[in-house]
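**Q** Got a file for you: start.pdb, PDB, C-alpha atoms.
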```pdb
ATOM      1  CA  MET H  19       2.968 -15.825  28.222  1.00  0.00           C
ATOM      2  CA  ASN H  20       2.619 -14.494  31.713  1.00  0.00           C
ATOM      3  CA  THR H  21       0.617 -11.445  32.757  1.00  0.00           C
ATOM      4  CA  GLY H  22       3.674  -9.183  32.827  1.00  0.00           C
ATOM      5  CA  GLU H  23       4.625 -10.084  29.270  1.00  0.00           C
ATOM      6  CA  ILE H  24       1.081  -9.499  28.045  1.00  0.00           C
ATOM      7  CA  GLN H  25       0.963  -6.133  29.794  1.00  0.00           C
ATOM      8  CA  ALA H  26       4.307  -5.137  28.264  1.00  0.00           C
ATOM      9  CA  ILE H  27       3.088  -6.043  24.773  1.00  0.00           C
ATOM     10  CA  GLU H  28      -0.137  -4.107  25.324  1.00  0.00           C
ATOM     11  CA  ALA H  29       1.795  -1.075  26.579  1.00  0.00           C
ATOM     12  CA  LYS H  30       3.954  -1.160  23.436  1.00  0.00           C
ATOM     13  CA  ARG H  31       0.852  -1.532  21.261  1.00  0.00           C
ATOM     14  CA  GLN H  32      -0.812   1.453  22.924  1.00  0.00           C
ATOM     15  CA  ALA H  33       2.348   3.534  22.555  1.00  0.00           C
ATOM     16  CA  LEU H  34       2.560   2.681  18.853  1.00  0.00           C
ATOM     17  CA  LEU H  35      -1.107   3.513  18.321  1.00  0.00           C
ATOM     18  CA  GLY H  36      -0.474   6.877  19.982  1.00  0.00           C
ATOM     19  CA  GLN H  37       2.458   7.512  17.667  1.00  0.00           C
ATOM     20  CA  LEU H  38       0.308   6.651  14.668  1.00  0.00           C
ATOM     21  CA  ARG H  39      -2.392   9.097  15.831  1.00  0.00           C
ATOM     22  CA  THR H  40       0.259  11.789  16.239  1.00  0.00           C
ATOM     23  CA  ALA H  41       1.660  11.076  12.779  1.00  0.00           C
ATOM     24  CA  GLU H  42      -1.821  11.170  11.251  1.00  0.00           C
ATOM     25  CA  ALA H  43      -2.515  14.536  12.876  1.00  0.00           C
ATOM     26  CA  ALA H  44       0.734  15.898  11.424  1.00  0.00           C
ATOM     27  CA  VAL H  45      -0.066  14.541   7.966  1.00  0.00           C
ATOM     28  CA  CYS H  46      -3.586  16.002   8.116  1.00  0.00           C
ATOM     29  CA  ALA H  47      -2.139  19.375   9.071  1.00  0.00           C
ATOM     30  CA  GLY H  48       0.145  19.127   6.056  1.00  0.00           C
ATOM     31  CA  LEU H  49      -2.832  18.428   3.810  1.00  0.00           C
ATOM     32  CA  HIS H  50      -4.301  21.773   4.831  1.00  0.00           C
ATOM     33  CA  ALA H  51      -1.077  23.657   4.073  1.00  0.00           C
ATOM     34  CA  HIS H  52      -1.037  25.483   0.764  1.00  0.00           C
ATOM     35  CA  GLY H  53       1.748  26.235  -1.666  1.00  0.00           C
ATOM     36  CA  PHE H  54       3.514  22.875  -1.837  1.00  0.00           C
ATOM     37  CA  GLY H  55       1.919  21.550  -5.011  1.00  0.00           C
ATOM     38  CA  GLU H  56      -0.095  18.538  -6.024  1.00  0.00           C
ATOM     39  CA  THR H  57       2.813  16.081  -5.759  1.00  0.00           C
ATOM     40  CA  ALA H  58       3.321  16.835  -2.081  1.00  0.00           C
ATOM     41  CA  ARG H  59      -0.425  16.585  -1.479  1.00  0.00           C
ATOM     42  CA  ALA H  60      -0.591  13.215  -3.254  1.00  0.00           C
ATOM     43  CA  HIS H  61       2.232  11.867  -1.084  1.00  0.00           C
ATOM     44  CA  LEU H  62       0.535  13.160   2.071  1.00  0.00           C
ATOM     45  CA  GLU H  63      -2.738  11.514   1.060  1.00  0.00           C
ATOM     46  CA  ARG H  64      -0.909   8.215   0.472  1.00  0.00           C
ATOM     47  CA  ALA H  65       0.873   8.566   3.797  1.00  0.00           C
ATOM     48  CA  ARG H  66      -2.466   9.045   5.526  1.00  0.00           C
ATOM     49  CA  ALA H  67      -3.852   5.913   3.859  1.00  0.00           C
ATOM     50  CA  HIS H  68      -0.810   3.918   4.971  1.00  0.00           C
ATOM     51  CA  LEU H  69      -1.129   5.241   8.531  1.00  0.00           C
ATOM     52  CA  ASN H  70      -4.779   4.216   8.620  1.00  0.00           C
ATOM     53  CA  GLU H  71      -3.923   0.712   7.388  1.00  0.00           C
ATOM     54  CA  ALA H  72      -1.155   0.416   9.981  1.00  0.00           C
ATOM     55  CA  TYR H  73      -3.592   1.482  12.700  1.00  0.00           C
ATOM     56  CA  ILE H  74      -6.052  -1.192  11.594  1.00  0.00           C
ATOM     57  CA  ALA H  75      -3.322  -3.834  11.365  1.00  0.00           C
ATOM     58  CA  ILE H  76      -2.206  -3.111  14.922  1.00  0.00           C
ATOM     59  CA  ASN H  77      -5.585  -2.458  16.510  1.00  0.00           C
ATOM     60  CA  GLU H  78      -7.794  -5.071  14.839  1.00  0.00           C
ATOM     61  CA  SER H  79      -7.568  -8.829  14.879  1.00  0.00           C
ATOM     62  CA  LYS H  80      -8.893  -9.173  11.329  1.00  0.00           C
ATOM     63  CA  SER H  81      -6.669  -9.365   8.285  1.00  0.00           C
ATOM     64  CA  VAL H  82      -5.857  -6.158   6.459  1.00  0.00           C
ATOM     65  CA  ARG H  83      -4.580  -5.304   3.011  1.00  0.00           C
ATOM     66  CA  THR H  84      -0.920  -5.732   2.276  1.00  0.00           C
ATOM     67  CA  VAL H  85       1.034  -2.633   1.295  1.00  0.00           C
ATOM     68  CA  HIS H  86       0.967  -3.862  -2.312  1.00  0.00           C
ATOM     69  CA  GLN H  87      -2.836  -4.304  -2.202  1.00  0.00           C
ATOM     70  CA  LEU H  88      -3.291  -0.858  -0.689  1.00  0.00           C
ATOM     71  CA  VAL H  89      -1.117   0.755  -3.379  1.00  0.00           C
ATOM     72  CA  GLU H  90      -3.044  -1.057  -6.128  1.00  0.00           C
ATOM     73  CA  ASP H  91      -6.360   0.082  -4.638  1.00  0.00           C
ATOM     74  CA  LEU H  92      -5.151   3.669  -4.333  1.00  0.00           C
ATOM     75  CA  ASN H  93      -3.853   3.610  -7.916  1.00  0.00           C
ATOM     76  CA  ARG H  94      -7.231   2.352  -9.189  1.00  0.00           C
ATOM     77  CA  ILE H  95      -9.061   5.063  -7.260  1.00  0.00           C
ATOM     78  CA  GLN H  96      -6.722   7.690  -8.696  1.00  0.00           C
ATOM     79  CA  GLN H  97      -7.309   6.399 -12.236  1.00  0.00           C
ATOM     80  CA  VAL H  98     -11.079   6.643 -11.783  1.00  0.00           C
ATOM     81  CA  MET H  99     -10.757  10.162 -10.397  1.00  0.00           C
ATOM     82  CA  ASP H 100      -8.489  11.168 -13.288  1.00  0.00           C
ATOM     83  CA  ASP H 101     -10.971   9.710 -15.807  1.00  0.00           C
ATOM     84  CA  VAL H 102     -13.861  11.617 -14.232  1.00  0.00           C
ATOM     85  CA  GLN H 103     -11.850  14.835 -14.244  1.00  0.00           C
ATOM     86  CA  ARG H 104     -10.839  14.300 -17.881  1.00  0.00           C
ATOM     87  CA  ARG H 105     -14.469  13.708 -18.911  1.00  0.00           C
ATOM     88  CA  LYS H 106     -15.586  16.840 -17.075  1.00  0.00           C
ATOM     89  CA  SER H 107     -12.942  18.932 -18.826  1.00  0.00           C
ATOM     90  CA  GLN H 108     -13.900  17.510 -22.244  1.00  0.00           C
ATOM     91  CA  ARG H 109     -17.546  18.546 -21.726  1.00  0.00           C
ATOM     92  CA  ILE H 110     -16.614  22.154 -21.031  1.00  0.00           C
TER      93      ILE H 110
END
```
Could you write out this structure as structure tokens?
**A**
Amino acid sequence: MNTGEIQAIEAKRQALLGQLRTAEAAVCAGLHAHGFGETARAHLERARAHLNEAYIAINESKSVRTVHQLVEDLNRIQQVMDDVQRRKSQRI
């Protein structure tokens, strides 16, 4: 690859990273909006996690989780949170 090709790839990478930052800001703003329910919030939280993984995949040279691995991890975290919430409500 010549210098021009490398610069073009880097320019595209930087543009994509900027778009991801913009998307994350929009998703975060949506997380602070009220009145849309827990389902919308859950989707926004998942979207934010996916945006963060995409940012890492583009910006870092190390390997990152696949989409399937990320979804499994998020599902496990949600199960733990649900279990904790259920235990708290049973104590009351």
**Q** Which one is closest to Asn77 (chain H): H:Ile95, H:Gln25, H:Gln32, H:His50? Count all atoms listed in the file.
**A** H:Gln32
**Q** For the structure provided, state which residues fall under the PyMOL selection byres ((chain H and resi 62) around 12), and present them as a list in words.
**A** Ala41, Glu42, Ala43, Ala44, Val45, Cys46, Ala47, Gly48, Leu49, His50, Ala51, Phe54, Gly55, Glu56, Thr57, Ala58, Arg59, Ala60, His61, Glu63, Arg64, Ala65, Arg66, Ala67, His68 and Leu69 of chain H
**Q** Given the choices H:Ile24, H:Leu88, H:Val98, H:Leu38, which gets closest to Ala72 (chain H) if the distance is worked out from all atoms listed in the file?
**A**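 Looking at the shortest contact to Ala72 (chain H), the residue is H:Leu38.
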**Q** List every residue of region 20-95 of chain H that has an atom at most 12 Å from any atom of region 99-108 of chain H, giving for each one its closest atom pair and the distance in Å to one decimal, counting only C-alpha atoms, sorted by chain and then by ascending residue number, as a Markdown table.
**A**
```
| residue | atom | partner | partner_atom | distance |
| --- | --- | --- | --- | --- |
| H:Leu92 | CA | H:Met99 | CA | 10.5 |
| H:Asn93 | CA | H:Met99 | CA | 9.8 |
| H:Arg94 | CA | H:Met99 | CA | 8.7 |
| H:Ile95 | CA | H:Met99 | CA | 6.2 |
```
**Q** Tell me, in Å to one decimal, how far CA of Ser81 (chain H) is from CA of Gly22 (chain H).
**A**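 So the two atoms, CA of Ser81 (chain H) and CA of Gly22 (chain H), lie 26.6 Å apart.
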**Q** Enter the distance from CA of Gln96 (chain H) to CA of Arg83 (chain H), in Å, rounded to one decimal.
**A**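 CA of Arg83 (chain H) lies 17.6 Å from CA of Gln96 (chain H).
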**Q** Rounded to one decimal, what separation in Å do you get between CA of Tyr73 (chain H) and CA of Glu28 (chain H)?
**A**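 That distance, rounded to one decimal, is 14.2 Å.
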**Q** Check the smallest atom-to-atom distance from each of H:Ile76, H:Thr84, H:Gln97, H:Val89 to Ile27 (chain H) using all atoms listed in the file, then report the winner.
**A**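 The answer is H:Ile76, which sits nearest to Ile27 (chain H).
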**Q** Please give the centre and size of the box around region 88-98 of chain H (axis-aligned, containing every atom listed in the file, 4 Å added per side), with values in Å to one decimal and written as AutoDock Vina command-line options.
**A**
```
--center_x -6.1 --center_y 3.3 --center_z -6.5 --size_x 18.0 --size_y 16.7 --size_z 19.5
```
**Q** Select, from H:Arg109, H:Ala75, H:Lys80, H:Glu90, the residue with the minimum atom-to-atom distance to Arg31 (chain H), counting all atoms listed in the file.
**A**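 That would be H:Ala75, the residue with the smallest distance to Arg31 (chain H).
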**Q** With C-alpha atoms retained, output chain H as a compact mmCIF listing (two decimals), in the first residue's frame.
**A**
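So the final result, stored in part-v1.txt, reads:
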```txt
# COMPACT_ATOMS: atom_id res chain seq x y z
CA MET H 19 0.00 0.00 0.00
CA ASN H 20 1.27 3.44 -0.82
CA THR H 21 1.07 6.49 1.43
CA GLY H 22 -2.02 7.85 -0.32
CA GLU H 23 -3.93 4.61 0.19
CA ILE H 24 -2.96 4.47 3.85
CA GLN H 25 -4.03 8.08 4.35
CA ALA H 26 -7.37 7.39 2.64
CA ILE H 27 -8.02 4.40 4.90
CA GLU H 28 -7.10 6.43 7.98
CA ALA H 29 -9.39 9.27 6.89
CA LYS H 30 -12.27 6.79 6.51
CA ARG H 31 -11.46 5.26 9.90
CA GLN H 32 -11.47 8.68 11.57
CA ALA H 33 -14.75 9.59 9.88
CA LEU H 34 -16.35 6.36 11.07
CA LEU H 35 -15.09 6.89 14.61
CA GLY H 36 -16.63 10.36 14.53
CA GLN H 37 -19.94 8.91 13.39
CA LEU H 38 -19.82 6.37 16.20
CA ARG H 39 -19.18 9.15 18.75
CA THR H 40 -22.13 11.09 17.34
CA ALA H 41 -24.36 8.01 17.50
CA GLU H 42 -23.28 7.30 21.08
CA ALA H 43 -24.10 10.87 22.10
CA ALA H 44 -27.57 10.51 20.57
CA VAL H 45 -28.15 7.18 22.31
CA CYS H 46 -26.99 8.62 25.64
CA ALA H 47 -29.38 11.53 25.21
CA GLY H 48 -32.15 9.02 24.61
CA LEU H 49 -31.26 7.21 27.82
CA HIS H 50 -31.95 10.40 29.74
CA ALA H 51 -35.35 10.90 28.10
CA HIS H 52 -38.31 9.83 30.20
CA GLY H 53 -41.67 8.38 29.28
CA PHE H 54 -40.67 5.75 26.72
CA GLY H 55 -40.67 2.72 29.00
CA GLU H 56 -38.21 0.07 30.05
CA THR H 57 -38.19 -1.72 26.68
CA ALA H 58 -36.94 1.37 24.87
CA ARG H 59 -34.34 1.95 27.58
CA ALA H 60 -33.12 -1.65 27.33
CA HIS H 61 -32.70 -1.31 23.56
CA LEU H 62 -30.83 1.98 23.99
CA GLU H 63 -28.51 0.41 26.55
CA ARG H 64 -27.81 -2.48 24.15
CA ALA H 65 -27.23 -0.04 21.31
CA ARG H 66 -24.70 1.82 23.44
CA ALA H 67 -22.88 -1.43 24.23
CA HIS H 68 -22.76 -2.31 20.53
CA LEU H 69 -21.46 1.16 19.65
CA ASN H 70 -18.72 0.84 22.25
CA GLU H 71 -17.69 -2.57 20.87
CA ALA H 72 -17.66 -1.18 17.32
CA TYR H 73 -15.47 1.71 18.47
CA ILE H 74 -13.02 -0.73 20.05
CA ALA H 75 -13.05 -2.99 16.98
CA ILE H 76 -12.20 -0.06 14.71
CA ASN H 77 -9.83 1.82 17.00
CA GLU H 78 -7.87 -0.99 18.65
CA SER H 79 -5.64 -3.62 17.12
CA LYS H 80 -6.60 -6.25 19.69
CA SER H 81 -9.39 -8.74 19.17
CA VAL H 82 -12.84 -7.86 20.45
CA ARG H 83 -15.96 -9.82 21.26
CA THR H 84 -18.16 -10.97 18.44
CA VAL H 85 -21.72 -9.67 18.37
CA HIS H 86 -22.88 -13.08 19.62
CA GLN H 87 -20.40 -12.97 22.53
CA LEU H 88 -21.46 -9.44 23.44
CA VAL H 89 -25.15 -10.41 23.43
CA GLU H 90 -24.43 -13.46 25.62
CA ASP H 91 -22.45 -11.31 28.06
CA LEU H 92 -25.20 -8.69 28.20
CA ASN H 93 -27.84 -11.39 28.73
CA ARG H 94 -25.84 -12.87 31.63
CA ILE H 95 -25.45 -9.44 33.22
CA GLN H 96 -29.18 -8.83 32.87
CA GLN H 97 -29.97 -12.19 34.49
CA VAL H 98 -27.74 -11.36 37.47
CA MET H 99 -29.36 -7.94 37.82
CA ASP H 100 -32.84 -9.49 37.61
CA ASP H 101 -31.90 -12.07 40.27
CA VAL H 102 -30.59 -9.36 42.60
CA GLN H 103 -33.74 -7.30 42.09
CA ARG H 104 -35.95 -10.34 42.71
CA ARG H 105 -34.09 -11.16 45.95
CA LYS H 106 -34.41 -7.57 47.14
CA SER H 107 -38.15 -7.58 46.49
CA GLN H 108 -38.58 -10.91 48.32
CA ARG H 109 -36.88 -9.49 51.44
CA ILE H 110 -39.28 -6.56 51.63
```
